[in-house]
Amino acid sequence: MAEYKTEPLKCWQKAKELRLKYYKDYQNARSKGGIRWTGGAWSFDAIPAGLGRDVYNITGEPYAASLAFAKRLSMGCLEAAEAKGWARDLCSYMRNYWGSMYLRKYAFGGEYPDPDFCFQDHICCSHGKWYQHVAEHKKVPYFCIDVSVGPYRDLDENRLMFVVNQMHESVEWLEKTTGRKYQDELLIEAVENEVRSTSVWAEICCLNMAKPAPLDEKSMYSLYVHGTLAKHAKEVADFYEELRDEVKYRVDNHIAAVPGEKCRLMSDTQPPWGFLKIFRYLENFGAISVGSLYTFGLIGVWETKPDGTWGPRTTPMQRGERITSRDQALRILADWNLSKPEWQHFYDPNLKTEMMLQIVKQWRVDGVMLHLNRGCEGLSCGIMENRLGIAKAGVPVMTFEGNMGDEREFDEKRVTARIDSFMETLGVEMTEKTAGTA
Amino acid sequence: MFAKFFDWYENRHDYAREWLAKNDGKVIGCFCSYSPEELIYAAGLLPVRVLGSHEPQDVTEPHIFSMFCPFCRDVLAQGLKGRYDYMKGIMLTQSCLHLRQTFTSWRNHIPADYSFYLYMPNKVQTEHARSYYSGELTKVRMSLEEWTGRTITDKLLQEAAELCNENRRLMREVYDLRKEPDPPLTGLEAMVMVASSFFVDKKDHNAELRRILPELRSRRLDRETGGRLMIVGSENDDTKFVKMVESIGSTVVVDDHCTGSRYFWNLTQFTGDIMQDIADRYIDRPPCPTKDWEERRRFPHILNLAKEFNVAGVILIQQKFCDPHECDMVPLKELLNSNGYPTLFLEFDVTVPAGQLRIRVEAFLEMLGVEELF
């Protein structure tokens with residue numbers, strides 16, 4: 001078996017520090033006279049950035065994923081939400097977040113920091129309702145932008161303007177809510193940063209087409225997260241450029257994420273955050289998950305290139321376009337986000353199947369592992385049709401049931417047994433040095 | 001008196017086939033109470049909302065993950081079993097993710113000549129939703145014209161809107177009679193009346209409503225009204241459940257369901273711009289929870305119904321896994337309780353455990369002080 005060289009990512013520590021700084025900045029914002037707001041990872045965070053440089057946010061999904069990783073705290077949060085009467089099958093991110101709010105416990109130490117307002121967008125049934133409850137519970141104002149105008153391929157002026165008009169409305173609302181004068185130049189800067197960070201993330205994902213893959217998906221979770229926290233931030237865009245350069249170096253020098261790589265997989269939907277060790281379990285077989293539509297397209301923004309391949313979407317700046325007005329910035333922001341891959345399948349599972357098969361082809365994937373995620377109805381929407389579509393295309397596919405944020409719904413033994421069977425189907429065996437250690 | 005409605009409800013497929021034999025039109029399947037029926041009627045089509053059959057089934061597992069609501073899977077099962085083989089087209093009006101999967105799987109696996117996904121806004125509370133939705137309805141209009149070969153004129157739309165409005169007005173009239181101390185109809189009869197209006201030509205439905213109304217006004221039921229109940233929640237056409245509830249000393253006098261009052265409560269207001277008028281009607285209707293944010297506009301409406309219909313208690317019906325309603329249940333229960341309306345929360349599946357639910361409803365009625373139990 002070929003053994004590739006490997007080494008830790010040099011910017012790993014920086015990634016961790018950047019993430020911690022984000023959560024601490026939010027926590028300490030008020031002591032510096034700043035503003036705190038909360039909303040989803042997909043919210044248009046570039047818009048509140050126009051209120052000033054002392055505006056900090058916390059996005060619910062990655063925050064809840066952090067809670068889920070801390071199992072004991074997560075259990076307390078989930079039980080607190082259940083004690084209020086909420087159904088156990090609701091979005092597990094939402095239940096973790098609400099529980100943290102009820103318990104007044106912050107995953108990064110201290111009290112849950114109350115937001116000044118909620119700013120969200122809506123594409124999944126839970127989005128609008130999540131922060132409706134937060135706003136009611138915390139008695140703070142709330143604005144939510146509806147982005148469910150159909151897939152990007154069918155976008156027209158009426159659909160785009162519905163989103164853009166709501167964005168304009170949101171700017172007026174932000175001014176009224178905070179009493180601050182909105183600064184268009186800060187919005188423009190944030191939009192430029194956002195298109196840069198999300199396009200560069202796609203570039204990084206493209207580098208993982210290499211054999212051996214320079215990144216494994218478990219590590220990518222710790223890297224893509226910055227785009228879910230503050231995709232509009234200069235420090236995130238800059239960090240992604242630094243990361244891209246390092247990953248390129250790894251490709252050029254054949255530095256592998258998994259030295260024994262012999263089988264390439266892709267996953268789907270959020271992983272069970274409390275059980276990321278299943279990715280390490282895969283390594284026992286020389287199997288690496290090289291990514292997924294989730295890690296590539298949740299934040300990354302892509303386009304189909306003239307040769308039919310999938311690649312990073314060309315930014316307005318790369319096209320030579322200069323953003324000079326609020327309206328132009330908002331139109332770009334809306335159009336850019338509406339092309340996000342993970343927003344497409346909400347309307348048609350076939351669109352997702354097509355994108356997944358494109359990844360299979362370009363990233364030379366041997367098999368697909370679909371996480372039937374009981375914790376997220378949004379990303380699980382249409383997933384059984386994806387399974388049928390992938391199988392029909394002749395690509396080996398397995399499913400395992402779990403929950404991204406509720407460990408009570410994950411059966412580790414059963415999942416590893418299914419992985420064993422899948423590996424057998426793919427014709428890969430556990431390496432000698434790890435056999436018998438499962 | 002309601003025999004015709006029961007016949008339509010129970011033999012919906014026979015009705016549709018007879019309609020096709022008598023009319024030069026096609027049947028189009030709809031999956032949600034937000035479907036713009038005015039446009040469908042104006043195109044000379046019969047809109048039929050596909051409901052479940054309340055039978056256990058094993059055909060949808062490969063298509064919809066089992067954490068999605070049993071109703072959306074039951075609806076898809078009807079198509080996969082070929083029960084709507086007379087249906088030539090389908091239309092989805094965007095609402096929840098659950099029914100969306102029914103539509104997309106139906107489109108993938110069940111032959112149909114025509115399908116249309118209407119991107120109805122979820123944020124109906126912004127003024128921008130009005131012009132946006134009117135624009136999207138124009139696309140439906142053009143698409144239906146292309147499919148049917150029939151020009152949908154403003155006059156045809158006006159006539160269709162008036163037809164739908166008449167149906168809404170007549171059903172409101174029937175509902176108003178339920179405010180009386182002893183309503184002249186049961187909750188079961190009301191449920192079947194509304195449910196049948198989803199798949200019976202409004203002309204026929206209106207004629208039958210007009211026929212029964214004079215007699216209904218003076219009708220005296222040979223039963224005690226007992227506890228006056230309201231039922232609130234997800235889709236619900238579980239007739240067996242309502243029959244059971246009304247057999248133990250109570251009457252369901254009003255509801256907030258998409259298969260009930262939410263479907264027909266408000267009228268199209270005519271201002272001279274028929275497309276905008278139709279759009280506004282759907283924007284302004286009592287909302288499904290999935291479209292009820294940032295403000296909760298559904299709650300004052302429900303509270304108002306409870307007051308107007310003088311209900312003693314409310315049964316909160318939750319379709320298992322229905323996230324939009326699950327997101328409303330906790331604050332809704334608090335609201336009703338704090339306004340003096342006791343509540344009973346019940347979770348529904350395709351089939352319900354009648355015995356267990358009967359015990360719980362009996363206990364609820366006893367709490368309300370209903371003496372007919374003893």
# chains A, B, ... in the order shown; residues from 1 in each chain; ligands from 1

$ residues_around --residues "Phe103 (chain B)" --least-positions-apart "5" --cutoff "8 Å" --atoms "only C-alpha atoms" --output "JSON list (two decimals) with N, CA and C atoms, in the first residue's frame"
[["chain", "number", "residue", "atom", "x", "y", "z"],
["B", 31, "PHE", "N", -51.27, 20.39, -3.65],
["B", 31, "PHE", "CA", -50.78, 19.77, -2.43],
["B", 31, "PHE", "C", -50.95, 20.64, -1.19],
["B", 76, "LEU", "N", -48.07, 11.22, -0.90],
["B", 76, "LEU", "CA", -47.28, 10.63, -1.98],
["B", 76, "LEU", "C", -47.70, 9.19, -2.25],
["B", 90, "ILE", "N", -49.78, 18.49, -12.04],
["B", 90, "ILE", "CA", -49.64, 18.77, -10.60],
["B", 90, "ILE", "C", -49.07, 20.17, -10.42],
["B", 91, "MET", "N", -49.44, 20.76, -9.29],
["B", 91, "MET", "CA", -48.93, 22.10, -8.97],
["B", 91, "MET", "C", -48.61, 22.19, -7.49],
["B", 92, "LEU", "N", -47.44, 22.72, -7.20],
["B", 92, "LEU", "CA", -47.08, 22.96, -5.80],
["B", 92, "LEU", "C", -47.03, 24.45, -5.57]]

$ residues_around --residues "Val174 (chain B)" --least-positions-apart "5" --cutoff "9 Å" --atoms "only C-alpha atoms" --output "short mmCIF file (atom, residue, chain, number, x, y, z; two decimals) with N, CA and C atoms, in the first residue's frame"
data_model
loop_
_atom_site.label_atom_id
_atom_site.label_comp_id
_atom_site.auth_asym_id
_atom_site.auth_seq_id
_atom_site.Cartn_x
_atom_site.Cartn_y
_atom_site.Cartn_z
N ARG B 169 -67.77 32.33 1.00
CA ARG B 169 -68.86 33.02 1.71
C ARG B 169 -69.86 32.02 2.25
N LEU B 185 -75.06 21.78 13.16
CA LEU B 185 -74.26 20.75 12.49
C LEU B 185 -73.12 20.34 13.42
N ALA B 190 -68.95 19.55 9.40
CA ALA B 190 -68.22 20.73 8.93
C ALA B 190 -66.89 20.32 8.30
N LEU B 209 -74.27 23.73 -1.17
CA LEU B 209 -74.31 24.61 0.02
C LEU B 209 -75.56 25.47 0.01
N LEU B 213 -78.44 25.29 3.05
CA LEU B 213 -78.40 26.40 4.02
C LEU B 213 -79.77 26.78 4.62
N LEU B 216 -80.69 24.19 7.00
CA LEU B 216 -79.70 24.10 8.10
C LEU B 216 -79.99 25.14 9.18
N ARG B 217 -80.46 26.30 8.74
CA ARG B 217 -80.71 27.39 9.70
C ARG B 217 -81.75 26.99 10.75
#

$ residues_around --residues "region 282-291 of chain A" --least-positions-apart "3" --cutoff "7 Å" --atoms "only C-alpha atoms" --output "list in words"
Asn208, Ala213, Leu215, Asp216, Glu217, Val258, Gly260, Glu261, Lys262, Cys263, Arg264, Leu265, Met266, Ser267, Ile278, Phe279, Thr295, Phe296, Val428, Glu429, Met430, Thr431 and Thr434 of chain A

$ interface_residues --of "chain B" --to "chain A" --cutoff "7 Å" --atoms "only C-alpha atoms" --output "list in words"
Pro62, His63, Ile64, Phe65, Met67, Cys96, Leu97, Gln101, Thr104, Tyr119, Pro121, Asn122, Lys123, His128, Tyr132, Gly135, Thr290, Trp293, Glu294, Phe321, Asp323, Pro324, Glu326, Cys327 and Val330 of chain B

$ closest_residue --among "A:Arg36, A:Arg104, A:Lys211, A:Lys277" --to "Trp363 (chain A)" --atoms "only C-alpha atoms"
A:Lys211

$ select_by_dssp --residues "region 6-118 of chain A" --states "helix (DSSP H, G or I)" --output "VMD selection string"
chain A and resid 12 to 32 48 to 51 60 to 69 71 to 83 92 to 103

$ residues_around --residues "Lys340 (chain A)" --least-positions-apart "6" --cutoff "8 Å" --atoms "only C-alpha atoms" --output "list in words"
Gly297, Leu298, Ile299, Gly300, Val301 and Trp302 of chain A

$ residues_around --residues "Val194 (chain B)" --least-positions-apart "3" --cutoff "6 Å" --atoms "only C-alpha atoms" --output "PyMOL selection string"
chain B and resi 191+197+260

$ residues_around --residues "Ile359 (chain B)" --least-positions-apart "4" --cutoff "12 Å" --atoms "only C-alpha atoms" --output "ChimeraX atom specification"
/B:244-245,248,344,346,353-355,363-366,373

$ write_last_selection --atoms "C-alpha atoms" --output "compact mmCIF listing (two decimals), in the first residue's frame"
# COMPACT_ATOMS: atom_id res chain seq x y z
CA MET B 244 -65.09 9.83 18.45
CA VAL B 245 -64.66 13.21 20.16
CA ILE B 248 -68.45 11.47 24.19
CA LEU B 344 -55.22 19.18 25.17
CA LEU B 346 -52.40 15.32 20.79
CA PRO B 353 -54.69 5.12 18.51
CA ALA B 354 -58.41 5.73 18.96
CA GLY B 355 -58.66 4.02 22.37
CA ALA B 363 -60.27 13.26 30.80
CA PHE B 364 -60.07 16.65 29.09
CA LEU B 365 -63.84 16.93 28.86
CA GLU B 366 -64.15 15.94 32.50
CA LEU B 373 -69.81 11.49 30.36

$ closest_residue --among "A:Ile204, A:Met167, A:Leu103, A:Met75" --to "Thr126 (chain B)" --atoms "only C-alpha atoms"
A:Met167

$ select_by_dssp --residues "region 224-341 of chain A" --states "strand (DSSP E or B)" --output "ChimeraX atom specification"
/A:255-256,263-267,287-292,302-304,310-312

$ closest_residue --among "A:Val200, A:Val247, A:Leu73, A:Ile35" --to "Gly50 (chain A)" --atoms "only C-alpha atoms"
A:Ile35

$ atom_distance --atom1 "CA of Glu242 (chain A)" --atom2 "CA of Glu189 (chain A)"
19.4 Å

$ closest_residue --among "A:Tyr63, A:Tyr249, A:Tyr294, A:Phe275" --to "Trp343 (chain A)" --atoms "only C-alpha atoms"
A:Tyr294

$ atom_distance --atom1 "CA of Ala42 (chain B)" --atom2 "CA of Gln276 (chain B)"
15.4 Å

$ decode --residues "region 194-340 of chain A" --atoms "C-alpha atoms" --output "compact mmCIF listing (two decimals), in the first residue's frame"
# COMPACT_ATOMS: atom_id res chain seq x y z
CA GLU A 194 -17.89 38.02 1.32
CA VAL A 195 -17.59 37.26 -2.37
CA ARG A 196 -13.84 36.88 -1.89
CA SER A 197 -14.05 34.55 1.10
CA THR A 198 -16.75 32.32 -0.38
CA SER A 199 -15.06 32.10 -3.76
CA VAL A 200 -11.65 31.36 -2.24
CA TRP A 201 -13.23 28.64 -0.09
CA ALA A 202 -14.40 27.01 -3.32
CA GLU A 203 -10.81 27.29 -4.63
CA ILE A 204 -9.56 25.48 -1.53
CA CYS A 205 -12.14 22.73 -2.06
CA CYS A 206 -10.98 22.39 -5.68
CA LEU A 207 -7.46 21.67 -4.48
CA ASN A 208 -8.84 18.58 -2.79
CA MET A 209 -9.33 16.99 -6.21
CA ALA A 210 -5.66 16.07 -5.94
CA LYS A 211 -4.56 12.56 -5.08
CA PRO A 212 -3.61 12.28 -2.30
CA ALA A 213 -6.13 14.77 -0.94
CA PRO A 214 -4.41 17.53 1.00
CA LEU A 215 -7.37 17.90 3.35
CA ASP A 216 -9.74 15.43 4.96
CA GLU A 217 -13.31 16.45 5.59
CA LYS A 218 -13.01 16.25 9.37
CA SER A 219 -10.33 18.96 9.20
CA MET A 220 -12.34 20.92 6.66
CA TYR A 221 -15.15 21.25 9.21
CA SER A 222 -12.80 23.33 11.37
CA LEU A 223 -11.87 25.50 8.41
CA TYR A 224 -15.11 26.09 6.53
CA VAL A 225 -16.66 27.18 9.81
CA HIS A 226 -15.20 30.67 9.48
CA GLY A 227 -17.36 31.22 6.46
CA THR A 228 -20.39 30.29 8.54
CA LEU A 229 -19.38 32.70 11.29
CA ALA A 230 -18.46 35.88 9.43
CA LYS A 231 -18.14 35.36 5.68
CA HIS A 232 -18.22 39.15 5.25
CA ALA A 233 -15.16 39.73 7.45
CA LYS A 234 -11.80 40.77 6.00
CA GLU A 235 -9.95 38.53 8.43
CA VAL A 236 -11.91 35.50 7.17
CA ALA A 237 -11.25 36.34 3.50
CA ASP A 238 -7.58 36.93 4.26
CA PHE A 239 -7.33 33.70 6.25
CA TYR A 240 -8.86 31.71 3.41
CA GLU A 241 -6.27 33.11 1.00
CA GLU A 242 -3.51 32.06 3.39
CA LEU A 243 -5.09 28.63 3.76
CA ARG A 244 -5.44 28.28 -0.01
CA ASP A 245 -1.75 28.97 -0.47
CA GLU A 246 -0.84 26.38 2.13
CA VAL A 247 -3.16 23.75 0.65
CA LYS A 248 -1.67 24.46 -2.77
CA TYR A 249 1.77 23.87 -1.29
CA ARG A 250 0.53 20.53 0.08
CA VAL A 251 -0.77 19.55 -3.34
CA ASP A 252 2.47 20.51 -5.05
CA ASN A 253 4.45 18.50 -2.52
CA HIS A 254 2.07 15.51 -2.31
CA ILE A 255 1.39 16.06 1.36
CA ALA A 256 -1.62 13.93 2.23
CA ALA A 257 -4.25 14.40 4.88
CA VAL A 258 -4.47 10.61 5.22
CA PRO A 259 -1.13 8.96 4.44
CA GLY A 260 -2.70 5.63 3.60
CA GLU A 261 -5.28 7.06 1.17
CA LYS A 262 -6.64 4.38 -1.11
CA CYS A 263 -10.37 5.05 -1.16
CA ARG A 264 -12.06 8.42 -1.61
CA LEU A 265 -15.50 9.08 -0.19
CA MET A 266 -17.87 11.97 0.10
CA SER A 267 -20.45 12.55 2.81
CA ASP A 268 -23.64 14.57 2.88
CA THR A 269 -25.32 16.96 5.31
CA GLN A 270 -23.89 18.02 8.64
CA PRO A 271 -22.01 15.27 10.46
CA PRO A 272 -23.01 14.01 13.89
CA TRP A 273 -20.84 16.56 15.72
CA GLY A 274 -20.50 14.44 18.82
CA PHE A 275 -19.15 11.53 16.80
CA LEU A 276 -16.61 12.97 14.39
CA LYS A 277 -14.47 9.97 15.24
CA ILE A 278 -16.30 8.02 12.54
CA PHE A 279 -14.07 9.90 10.09
CA ARG A 280 -11.03 8.60 11.93
CA TYR A 281 -12.61 5.15 11.80
CA LEU A 282 -12.70 5.43 8.01
CA GLU A 283 -8.96 6.00 8.00
CA ASN A 284 -8.52 2.48 9.35
CA PHE A 285 -9.54 1.38 5.87
CA GLY A 286 -7.40 3.93 4.10
CA ALA A 287 -10.62 5.75 3.31
CA ILE A 288 -10.85 9.51 3.33
CA SER A 289 -13.86 11.71 2.97
CA VAL A 290 -12.63 14.38 0.58
CA GLY A 291 -15.58 16.66 1.14
CA SER A 292 -19.24 16.96 0.30
CA LEU A 293 -21.77 19.29 -1.17
CA TYR A 294 -22.21 20.41 2.42
CA THR A 295 -18.60 21.41 3.12
CA PHE A 296 -18.11 22.72 -0.42
CA GLY A 297 -21.38 24.48 -0.99
CA LEU A 298 -22.78 25.55 2.36
CA ILE A 299 -20.62 28.64 2.17
CA GLY A 300 -18.56 28.19 -0.97
CA VAL A 301 -20.00 29.82 -4.08
CA TRP A 302 -19.45 28.02 -7.37
CA GLU A 303 -20.14 28.20 -11.07
CA THR A 304 -20.00 25.87 -14.03
CA LYS A 305 -16.98 26.70 -16.12
CA PRO A 306 -17.00 26.76 -19.95
CA ASP A 307 -15.53 23.23 -20.03
CA GLY A 308 -18.43 21.94 -17.94
CA THR A 309 -16.45 21.55 -14.73
CA TRP A 310 -17.39 23.03 -11.40
CA GLY A 311 -15.18 25.78 -10.02
CA PRO A 312 -15.11 28.90 -7.83
CA ARG A 313 -17.52 31.57 -8.96
CA THR A 314 -15.79 34.55 -10.56
CA THR A 315 -16.15 37.53 -8.27
CA PRO A 316 -17.37 40.92 -9.49
CA MET A 317 -13.90 42.29 -8.71
CA GLN A 318 -12.27 39.58 -10.84
CA ARG A 319 -14.61 40.63 -13.65
CA GLY A 320 -13.39 44.19 -13.20
CA GLU A 321 -16.64 45.42 -11.69
CA ARG A 322 -16.41 48.13 -9.06
CA ILE A 323 -19.13 48.37 -6.44
CA THR A 324 -20.10 51.98 -5.89
CA SER A 325 -23.61 52.08 -4.44
CA ARG A 326 -25.82 50.44 -1.86
CA ASP A 327 -28.22 49.13 -4.46
CA GLN A 328 -25.44 47.61 -6.55
CA ALA A 329 -23.91 46.02 -3.45
CA LEU A 330 -27.23 44.52 -2.39
CA ARG A 331 -27.99 43.20 -5.88
CA ILE A 332 -24.59 41.52 -6.00
CA LEU A 333 -25.04 40.12 -2.50
CA ALA A 334 -28.47 38.70 -3.35
CA ASP A 335 -27.43 37.24 -6.68
CA TRP A 336 -24.24 35.78 -5.20
CA ASN A 337 -26.01 34.05 -2.34
CA LEU A 338 -28.89 32.79 -4.45
CA SER A 339 -26.36 30.81 -6.48
CA LYS A 340 -25.09 29.02 -3.38
